[in-house]
file entry_10.cif (mmCIF, C-alpha atoms and all ligand atoms)
data_query
loop_
_atom_site.label_atom_id
_atom_site.label_comp_id
_atom_site.auth_asym_id
_atom_site.auth_seq_id
_atom_site.Cartn_x
_atom_site.Cartn_y
_atom_site.Cartn_z
CA MET A 1 22.06 -6.89 -17.08
CA LEU A 2 19.99 -7.87 -14.08
CA GLN A 3 16.31 -8.10 -14.82
CA ALA A 4 13.46 -8.34 -12.35
CA THR A 5 13.01 -11.95 -13.48
CA ASP A 6 16.48 -12.78 -12.21
CA LEU A 7 15.54 -11.88 -8.67
CA PRO A 8 14.76 -14.59 -6.17
CA ASN A 9 11.21 -15.68 -6.91
CA ASP A 10 9.10 -14.12 -4.19
CA SER A 11 5.88 -14.37 -6.15
CA VAL A 12 4.71 -16.94 -3.68
CA ILE A 13 1.38 -17.40 -2.07
CA PRO A 14 1.33 -15.42 1.17
CA SER A 15 1.91 -17.72 4.08
CA VAL A 16 -1.13 -18.19 6.28
CA GLY A 17 -1.70 -20.66 9.08
CA ARG A 18 -5.47 -21.10 8.92
CA VAL A 19 -8.47 -20.00 6.89
CA TYR A 20 -11.78 -18.77 8.22
CA VAL A 21 -14.62 -18.72 5.71
CA GLU A 22 -17.79 -16.77 6.28
CA ALA A 23 -20.80 -18.93 5.57
CA GLY A 24 -22.01 -16.26 3.13
CA ALA A 25 -18.69 -16.33 1.25
CA ARG A 26 -18.89 -20.01 0.38
CA LYS A 27 -20.86 -19.50 -2.81
CA TYR A 28 -18.35 -17.10 -4.40
CA PRO A 29 -15.99 -18.68 -6.95
CA ASP A 30 -12.97 -16.90 -5.44
CA THR A 31 -13.52 -18.73 -2.18
CA SER A 32 -13.08 -22.10 -3.88
CA ARG A 33 -10.17 -20.83 -5.97
CA ILE A 34 -8.30 -19.52 -2.96
CA LEU A 35 -8.94 -22.63 -0.89
CA GLU A 36 -7.72 -24.77 -3.76
CA LYS A 37 -4.54 -22.70 -4.07
CA LEU A 38 -3.82 -22.96 -0.38
CA GLY A 39 -4.12 -26.73 -0.46
CA ASP A 40 -4.10 -28.66 2.76
CA ILE A 41 -4.75 -26.02 5.41
CA PRO A 42 -7.18 -25.93 8.35
CA VAL A 43 -10.45 -24.27 7.33
CA GLN A 44 -13.11 -23.15 9.76
CA GLU A 45 -16.51 -21.77 8.87
CA ILE A 46 -17.69 -18.67 10.71
CA GLY A 47 -20.84 -16.58 10.79
CA HIS A 48 -19.41 -13.11 10.20
CA TYR A 49 -15.81 -12.08 9.64
CA LYS A 50 -15.99 -9.58 12.47
CA ASP A 51 -16.59 -12.48 14.89
CA VAL A 52 -12.92 -13.29 14.33
CA PHE A 53 -11.43 -10.04 13.08
CA ASN A 54 -12.91 -7.83 15.81
CA ARG A 55 -12.62 -10.35 18.59
CA PRO A 56 -11.40 -8.64 21.80
CA GLY A 57 -8.04 -9.46 23.34
CA GLN A 58 -6.13 -9.99 20.10
CA HIS A 59 -2.56 -8.84 19.56
CA PHE A 60 -1.88 -7.47 16.08
CA GLN A 61 1.85 -8.11 16.11
CA VAL A 62 1.60 -11.61 17.58
CA GLN A 63 -0.91 -12.55 14.88
CA LYS A 64 1.38 -11.14 12.18
CA HIS A 65 3.78 -14.05 12.83
CA SER A 66 1.21 -16.52 11.53
CA PRO A 67 -1.83 -14.67 10.29
CA ALA A 68 -5.06 -16.36 9.40
CA LEU A 69 -6.82 -15.62 6.15
CA ILE A 70 -10.47 -14.67 6.43
CA LEU A 71 -12.64 -14.98 3.33
CA ALA A 72 -15.64 -12.74 3.70
CA VAL A 73 -18.30 -10.68 1.99
CA GLU A 74 -18.18 -6.90 2.37
CA ARG A 75 -21.73 -5.85 3.05
CA GLU A 76 -21.05 -2.37 4.35
CA THR A 77 -18.81 0.24 2.77
CA LEU A 78 -17.63 -0.48 -0.76
CA LEU A 79 -16.20 2.97 -1.47
CA TYR A 80 -14.76 5.57 0.90
CA ASP A 81 -14.23 9.26 0.36
CA GLY A 82 -10.46 9.61 0.41
CA LYS A 83 -10.16 13.38 0.47
CA PHE A 84 -8.21 13.45 3.73
CA ARG A 85 -6.73 10.01 3.56
CA VAL A 86 -5.16 9.57 0.16
CA ALA A 87 -4.50 13.14 -0.87
CA SER A 88 -1.16 11.99 -2.12
CA TRP A 89 -1.13 13.44 -5.55
CA GLY A 90 -1.63 16.81 -7.12
CA SER A 91 -4.67 15.26 -8.80
CA GLN A 92 -7.65 17.52 -9.05
CA LEU A 93 -9.90 14.50 -9.31
CA PRO A 94 -12.10 13.51 -6.39
CA LEU A 95 -10.18 10.86 -4.41
CA TYR A 96 -11.66 7.61 -3.19
CA TYR A 97 -10.35 4.41 -1.71
CA ASN A 98 -11.79 0.99 -1.10
CA ALA A 99 -10.76 -2.11 0.77
CA PRO A 100 -10.98 -5.32 -1.25
CA VAL A 101 -8.43 -6.64 1.26
CA ARG A 102 -7.84 -5.54 4.83
CA ASN A 103 -4.38 -5.86 6.37
CA CYS A 104 -1.17 -6.70 4.64
CA VAL A 105 1.30 -9.50 4.09
CA TYR A 106 4.05 -7.03 4.94
CA ASN A 107 4.64 -5.47 8.34
CA CYS A 108 6.09 -1.99 8.17
CA ASP A 109 6.90 -0.47 11.55
CA TYR A 110 5.09 2.76 10.68
CA CYS A 111 1.99 1.10 9.22
CA PHE A 112 -1.24 2.64 10.44
CA LEU A 113 -3.08 -0.66 10.05
CA GLN A 114 -1.65 -1.87 13.36
CA GLY A 115 -3.40 1.04 15.05
CA MET A 116 -6.57 0.77 12.98
CA HIS A 117 -7.24 -2.95 13.40
CA THR A 118 -7.05 -5.04 16.54
CA SER A 119 -6.29 -8.11 14.45
CA GLY A 120 -3.30 -8.92 12.26
CA HIS A 121 -5.28 -11.44 10.22
CA LEU A 122 -5.83 -10.84 6.52
CA VAL A 123 -9.37 -10.33 5.26
CA VAL A 124 -10.10 -10.89 1.57
CA PHE A 125 -13.54 -9.86 0.40
CA VAL A 126 -14.64 -12.22 -2.32
CA ASN A 127 -17.56 -10.15 -3.67
CA ILE A 128 -15.42 -8.14 -6.08
CA GLN A 129 -18.38 -7.39 -8.37
CA ASP A 130 -20.02 -5.33 -5.62
CA PHE A 131 -16.85 -3.20 -5.36
CA PHE A 132 -16.87 -2.74 -9.14
CA ASP A 133 -20.52 -1.68 -9.08
CA ALA A 134 -19.88 0.90 -6.36
CA ALA A 135 -16.94 2.39 -8.27
CA ARG A 136 -18.87 2.40 -11.54
CA ASP A 137 -21.86 4.10 -9.93
CA ARG A 138 -19.68 6.87 -8.54
CA ALA A 139 -17.69 7.29 -11.77
CA GLU A 140 -20.93 7.76 -13.68
CA HIS A 141 -21.18 11.18 -12.02
CA GLY A 142 -17.74 12.29 -13.21
CA PRO A 143 -14.04 11.32 -13.21
CA ILE A 144 -12.62 9.89 -9.99
CA PHE A 145 -9.26 8.66 -8.74
CA LEU A 146 -9.54 5.45 -6.75
CA SER A 147 -6.86 3.89 -4.58
CA ILE A 148 -7.53 0.16 -4.40
CA SER A 149 -4.58 -0.69 -2.18
CA TYR A 150 -4.90 1.82 0.61
CA LEU A 151 -5.50 -0.76 3.36
CA THR A 152 -3.13 -3.41 2.05
CA ASP A 153 -0.41 -4.09 -0.51
CA LEU A 154 -2.67 -5.58 -3.14
CA LEU A 155 0.05 -6.43 -5.64
CA ALA A 156 1.72 -8.60 -3.00
CA MET A 157 -1.50 -10.63 -2.83
CA GLU A 158 -1.69 -11.11 -6.60
CA PRO A 159 -0.14 -14.61 -6.60
CA LEU A 160 -2.97 -15.71 -4.33
CA ILE A 161 -5.80 -13.83 -5.97
CA PRO A 162 -5.49 -11.61 -9.07
CA ILE A 163 -7.46 -8.65 -7.76
CA CYS A 164 -5.13 -6.09 -9.36
CA GLU A 165 -5.47 -7.63 -12.79
CA ARG A 166 -9.25 -7.65 -12.53
CA TRP A 167 -9.37 -4.03 -11.42
CA ILE A 168 -7.01 -2.99 -14.20
CA ARG A 169 -9.23 -4.66 -16.80
CA PHE A 170 -12.35 -3.19 -15.21
CA ALA A 171 -10.89 0.35 -15.12
CA GLU A 172 -10.05 0.16 -18.82
CA GLU A 173 -13.75 -0.03 -19.52
CA GLN A 174 -14.58 2.98 -17.32
CA PRO A 175 -13.56 6.24 -18.99
CA ASN A 176 -14.09 8.17 -15.74
CA LEU A 177 -12.08 5.88 -13.51
CA THR A 178 -8.37 6.06 -12.75
CA ILE A 179 -7.09 3.53 -10.23
CA GLU A 180 -3.88 3.56 -8.24
CA ILE A 181 -2.07 0.43 -7.12
CA ARG A 182 0.61 1.30 -4.62
CA THR A 183 3.17 -1.31 -3.70
CA LYS A 184 6.35 -2.13 -1.85
CA SER A 185 6.61 -5.40 -3.73
CA ASP A 186 8.70 -6.12 -6.80
CA LEU A 187 5.92 -8.10 -8.41
CA PHE A 188 5.39 -6.20 -11.63
CA ARG A 189 6.20 -9.51 -13.30
CA VAL A 190 2.77 -10.87 -12.34
CA LEU A 191 1.21 -8.12 -14.49
CA ARG A 192 3.68 -8.03 -17.34
CA HIS A 193 1.53 -10.22 -19.59
CA MET A 194 -0.99 -7.36 -19.73
CA GLU A 195 -0.95 -4.52 -22.19
CA ALA A 196 -0.03 -1.22 -20.59
CA PRO A 197 -3.35 0.18 -19.36
CA GLU A 198 -4.36 3.83 -19.58
CA ASN A 199 -6.47 4.03 -16.46
CA THR A 200 -4.08 2.47 -13.97
CA VAL A 201 -1.23 4.15 -12.15
CA LEU A 202 1.37 1.90 -10.54
CA SER A 203 2.96 3.65 -7.59
CA PHE A 204 6.17 2.19 -6.30
CA SER A 205 6.83 3.12 -2.72
CA LEU A 206 10.58 3.50 -2.22
CA SER A 207 12.85 4.06 0.78
CA PRO A 208 16.62 4.06 1.24
CA ASP A 209 17.77 0.48 1.45
CA ARG A 210 18.85 0.68 5.09
CA ILE A 211 15.47 2.09 6.10
CA ALA A 212 13.58 -0.45 4.01
CA ARG A 213 15.49 -3.33 5.57
CA ARG A 214 15.05 -2.02 9.06
CA TYR A 215 11.49 -0.72 9.09
CA GLU A 216 9.66 -2.28 6.12
CA ARG A 217 9.58 -5.86 7.28
CA GLY A 218 8.88 -8.41 4.58
CA CYS A 219 8.77 -5.90 1.73
CA ALA A 220 10.90 -6.32 -1.38
CA PRO A 221 14.38 -4.80 -1.14
CA LEU A 222 14.89 -1.41 -2.75
CA HIS A 223 16.76 -2.75 -5.77
CA GLY A 224 13.91 -5.15 -6.54
CA ARG A 225 11.31 -2.39 -6.41
CA VAL A 226 13.44 -0.18 -8.65
CA LEU A 227 13.90 -2.99 -11.16
CA ALA A 228 10.16 -3.63 -11.13
CA ALA A 229 9.46 0.09 -11.68
CA ARG A 230 11.94 0.15 -14.52
CA GLU A 231 10.36 -2.85 -16.16
CA ALA A 232 6.91 -1.29 -15.83
CA LEU A 233 8.16 1.96 -17.38
CA ARG A 234 9.78 0.13 -20.25
CA ALA A 235 6.54 -1.70 -20.88
CA GLY A 236 4.76 1.65 -21.15
CA TRP A 237 2.87 1.60 -17.83
CA ARG A 238 2.02 4.77 -15.96
CA VAL A 239 4.41 4.83 -13.01
CA ARG A 240 4.71 7.14 -10.04
CA LEU A 241 7.14 7.02 -7.17
CA CYS A 242 6.28 7.52 -3.60
CA ILE A 243 8.92 8.36 -1.01
CA ASP A 244 6.57 8.23 1.86
CA PRO A 245 7.03 8.17 4.72
CA MET A 246 10.49 9.62 5.14
CA VAL A 247 11.87 8.33 8.43
CA ARG A 248 14.02 10.59 10.56
CA THR A 249 16.58 8.10 11.66
CA GLU A 250 20.28 8.36 12.37
CA GLY A 251 22.09 9.67 9.29
CA TRP A 252 18.81 10.24 7.42
CA LYS A 253 20.13 13.12 5.36
CA ILE A 254 22.97 11.23 3.78
CA LEU A 255 20.83 8.09 3.42
CA TYR A 256 18.18 9.95 1.44
CA SER A 257 20.74 11.85 -0.60
CA ARG A 258 22.47 8.66 -1.76
CA PHE A 259 19.14 6.94 -2.29
CA ILE A 260 17.83 9.65 -4.62
CA ALA A 261 21.04 9.61 -6.66
CA ASP A 262 20.90 5.82 -6.85
CA VAL A 263 17.22 5.64 -7.86
CA PHE A 264 17.52 8.26 -10.59
CA SER A 265 20.65 6.72 -11.99
CA ARG A 266 18.51 3.67 -12.69
CA LEU A 267 15.13 5.09 -13.66
CA PRO A 268 14.29 7.35 -16.59
CA VAL A 269 12.90 10.49 -14.95
CA ASP A 270 11.12 11.62 -18.11
CA ALA A 271 8.87 8.59 -18.10
CA ILE A 272 7.85 8.89 -14.43
CA GLU A 273 4.57 10.73 -14.00
CA GLU A 274 5.09 12.12 -10.56
CA ILE A 275 7.08 11.74 -7.36
CA SER A 276 5.38 12.32 -4.05
CA PHE A 277 6.99 12.42 -0.65
CA GLY A 278 5.96 12.96 2.92
CA VAL A 279 7.14 12.26 6.45
CA VAL A 280 5.93 9.82 9.09
CA ARG A 281 2.44 10.67 10.29
CA LEU A 282 -0.17 8.65 12.09
CA ALA A 283 -3.55 9.32 13.61
CA PRO A 284 -2.76 10.06 17.28
CA ASP A 285 -5.11 7.36 18.59
CA PHE A 286 -3.51 4.81 16.26
CA LEU A 287 -0.06 5.78 17.52
CA LYS A 288 -1.22 5.45 21.11
CA ARG A 289 -2.48 1.93 20.44
CA ILE A 290 0.76 1.02 18.70
CA HIS A 291 2.80 2.37 21.62
CA ASN A 292 0.76 0.24 24.01
CA MET A 293 1.41 -2.82 21.90
CA ARG A 294 5.05 -2.65 20.92
CA HIS A 295 8.38 -1.24 22.05
CA ASP A 296 10.64 -2.85 19.50
CA SER A 297 10.92 -0.04 16.98
CA ASP A 298 12.85 3.13 17.71
CA MET A 299 11.17 5.04 14.88
CA LEU A 300 7.80 4.73 16.60
CA HIS A 301 9.09 6.34 19.76
CA TYR A 302 10.30 9.60 18.28
CA PRO A 303 8.94 12.57 20.28
CA PHE A 304 6.16 13.26 17.78
CA VAL A 305 3.85 16.25 18.07
CA THR A 306 0.16 16.36 17.32
CA GLU A 307 -1.05 18.86 14.79
CA THR A 308 -4.14 19.58 12.76
CA GLY A 309 -4.27 20.75 9.17
CA SER A 310 -7.20 21.66 6.97
CA ASN A 311 -6.37 19.05 4.35
CA TYR A 312 -5.12 16.15 6.44
CA GLY A 313 -6.95 16.27 9.77
CA THR A 314 -5.11 15.61 13.04
CA VAL A 315 -1.88 13.64 12.92
CA ALA A 316 1.04 12.73 15.14
CA THR A 317 4.18 13.67 13.25
CA TYR A 318 7.62 15.23 13.50
CA PRO A 319 7.81 18.75 14.93
CA GLU A 320 7.52 21.48 12.33
CA ALA A 321 11.22 22.38 12.29
CA ALA A 322 12.23 18.74 11.72
CA ARG A 323 9.57 18.33 9.09
CA ASN A 324 10.63 21.43 7.23
CA GLU A 325 14.24 20.33 7.35
CA MET A 326 13.33 16.95 5.88
CA LYS A 327 11.14 18.47 3.20
CA ALA A 328 13.83 20.96 2.17
CA ALA A 329 16.55 18.31 2.12
CA LEU A 330 14.60 15.86 -0.02
CA GLU A 331 13.33 18.56 -2.33
CA GLN A 332 16.88 19.74 -2.89
CA GLU A 333 18.01 16.23 -3.77
CA LEU A 334 15.02 15.58 -6.03
CA LEU A 335 15.46 18.85 -7.90
CA ARG A 336 18.87 17.67 -9.04
CA PHE A 337 17.09 15.09 -11.20
CA VAL A 338 13.40 15.90 -11.41
CA PRO A 339 11.60 19.00 -12.74
CA PRO A 340 9.68 20.78 -9.96
CA GLU A 341 6.28 20.23 -11.55
CA LYS A 342 6.69 16.48 -11.02
CA ILE A 343 7.44 16.76 -7.29
CA HIS A 344 4.60 16.76 -4.84
CA PHE A 345 4.98 17.03 -1.06
CA VAL A 346 2.20 15.42 0.93
CA HIS A 347 1.31 15.50 4.53
CA GLY A 348 -1.79 13.45 4.80
S1 LIG B 1 3.20 -2.18 2.66
FE1 LIG B 1 1.77 -0.54 3.28
S2 LIG B 1 -0.03 -1.61 4.02
FE2 LIG B 1 1.62 -3.10 3.98
S3 LIG B 1 2.51 -3.09 6.03
FE3 LIG B 1 3.68 -1.63 4.77
S4 LIG B 1 2.71 0.36 5.10
FE4 LIG B 1 1.25 -1.24 5.80
#
call {"tool": "encode", "arguments": {"input": "entry_10.cif", "output": "structure tokens", "more": "lines below"}}
Ligand code: SF4
result
Amino acid sequence: MLQATDLPNDSVIPSVGRVYVEAGARKYPDTSRILEKLGDIPVQEIGHYKDVFNRPGQHFQVQKHSPALILAVERETLLYDGKFRVASWGSQLPLYYNAPVRNCVYNCDYCFLQGMHTSGHLVVFVNIQDFFDAARDRAEHGPIFLSISYLTDLLAMEPLIPICERWIRFAEEQPNLTIEIRTKSDLFRVLRHMEAPENTVLSFSLSPDRIARRYERGCAPLHGRVLAAREALRAGWRVRLCIDPMVRTEGWKILYSRFIADVFSRLPVDAIEEISFGVVRLAPDFLKRIHNMRHDSDMLHYPFVTETGSNYGTVATYPEAARNEMKAALEQELLRFVPPEKIHFVHG
């Protein structure tokens, strides 16, 4: 039987062409560790990461071909209210997110980061203890749910810097803290030496193989993600699945139907905590910026509409009829395998 370990080894250090180091980041041990791991690579010291990251005239997609890595210290926001942003689960807990890393080693066509940031470079904040302190302070007031990979795919960065592992260990000591690590990687193997934690949810983001290959550039193929999810489940980890965003592309109905049957023939439904799904949606100003920048992806040029909802703000998305059709179709497929209480439709 094929195991995740039999897959081609993609647990490699993300490829970067140059490193910028903030002067203030030099003293942090992670800075030296990362530089050591990257070996012989041009390193340039800078004053503040925004001098590079927010520099005018950059092109996100051009930089994605050979991104630089910026090692910096986050001095501003260490915890964001995620009520409108990460309302992806039926969780009644207050939702938060943070950004230990900004930008991603992957390059999904629908990714909002390309509308949010002018730069495609990766920023790693090396002052992890400050992020811990902020989460701990908030959790002291009551239970919270914290997404630590909202602005990146953190698990994909794990071979370079084990931020996930540190957060998992930290969350185990915080009774009020549940963290979510969402990924399109198949890198569960970098965590498999750990005991299954109680306060961490691993969310595997899945799409039909054809859609993943076409629109989720650089991400692990579907079968790899499913194998990783299966291995995590077998090891007793809390696992959720995320079919988000659904892409309305040619033949979408049959693609999603076969995909659901395929996924649930390989994963034990009983052990999965929850399955969430939603359709493509982007902040309208982000979509406008993306449209100005690139014309190479048909899915970005769908005639989207702009709409506002009380729990997700204003988004550009599929027209209501299309959205309802997609929701009904996926729900119908899911209900063949999954009890309704485990299915959660999201739109923001
Ligand atoms: S994996 Fe997530 S964060 Fe990374 S490019 Fe894709 S959508 Fe963006």
call {"tool": "atom_distance", "arguments": {"input": "entry_10.cif", "atom1": "atom CA of Ala228 of chain A", "atom2": "atom CA of Arg192 of chain A"}}
result
10.0 Å
call {"tool": "residues_near_ligand", "arguments": {"input": "entry_10.cif", "ligand": "ligand LIG 1 (chain B)", "cutoff": "7 Å", "atoms": "all atoms listed in the file", "output": "VMD selection string"}}
result
chain A and resid 103 to 108 110 to 113 150 to 153 183 to 184 216 219
call {"tool": "closest_residue", "arguments": {"input": "entry_10.cif", "among": "A:Tyr28, A:Tyr302, A:Tyr97, A:Phe204", "to": "Ala135 of chain A", "atoms": "all atoms listed in the file"}}
result
A:Tyr97
call {"tool": "closest_residue", "arguments": {"input": "entry_10.cif", "among": "A:Phe188, A:Phe170, A:Phe145, A:Tyr215", "to": "Ala232 of chain A", "atoms": "all atoms listed in the file"}}
result
A:Phe188
call {"tool": "residues_around", "arguments": {"input": "entry_10.cif", "residues": "segment 280-291 of chain A", "least_positions_apart": "5", "cutoff": "8 Å", "atoms": "all atoms listed in the file", "output": "PyMOL selection string"}}
result
chain A and resi 110+112+114-116+244-247+300-301+306+314-318+347-348
call {"tool": "write_last_selection", "arguments": {"input": "entry_10.cif", "atoms": "C-alpha atoms", "output": "PDB file, in the frame of the given file"}}
result
ATOM      1  CA  TYR A 110       5.090   2.760  10.680  1.00  0.00           C
ATOM      2  CA  PHE A 112      -1.240   2.640  10.440  1.00  0.00           C
ATOM      3  CA  GLN A 114      -1.650  -1.870  13.360  1.00  0.00           C
ATOM      4  CA  GLY A 115      -3.400   1.040  15.050  1.00  0.00           C
ATOM      5  CA  MET A 116      -6.570   0.770  12.980  1.00  0.00           C
ATOM      6  CA  ASP A 244       6.570   8.230   1.860  1.00  0.00           C
ATOM      7  CA  PRO A 245       7.030   8.170   4.720  1.00  0.00           C
ATOM      8  CA  MET A 246      10.490   9.620   5.140  1.00  0.00           C
ATOM      9  CA  VAL A 247      11.870   8.330   8.430  1.00  0.00           C
ATOM     10  CA  LEU A 300       7.800   4.730  16.600  1.00  0.00           C
ATOM     11  CA  HIS A 301       9.090   6.340  19.760  1.00  0.00           C
ATOM     12  CA  THR A 306       0.160  16.360  17.320  1.00  0.00           C
ATOM     13  CA  THR A 314      -5.110  15.610  13.040  1.00  0.00           C
ATOM     14  CA  VAL A 315      -1.880  13.640  12.920  1.00  0.00           C
ATOM     15  CA  ALA A 316       1.040  12.730  15.140  1.00  0.00           C
ATOM     16  CA  THR A 317       4.180  13.670  13.250  1.00  0.00           C
ATOM     17  CA  TYR A 318       7.620  15.230  13.500  1.00  0.00           C
ATOM     18  CA  HIS A 347       1.310  15.500   4.530  1.00  0.00           C
ATOM     19  CA  GLY A 348      -1.790  13.450   4.800  1.00  0.00           C
TER      20      GLY A 348
END
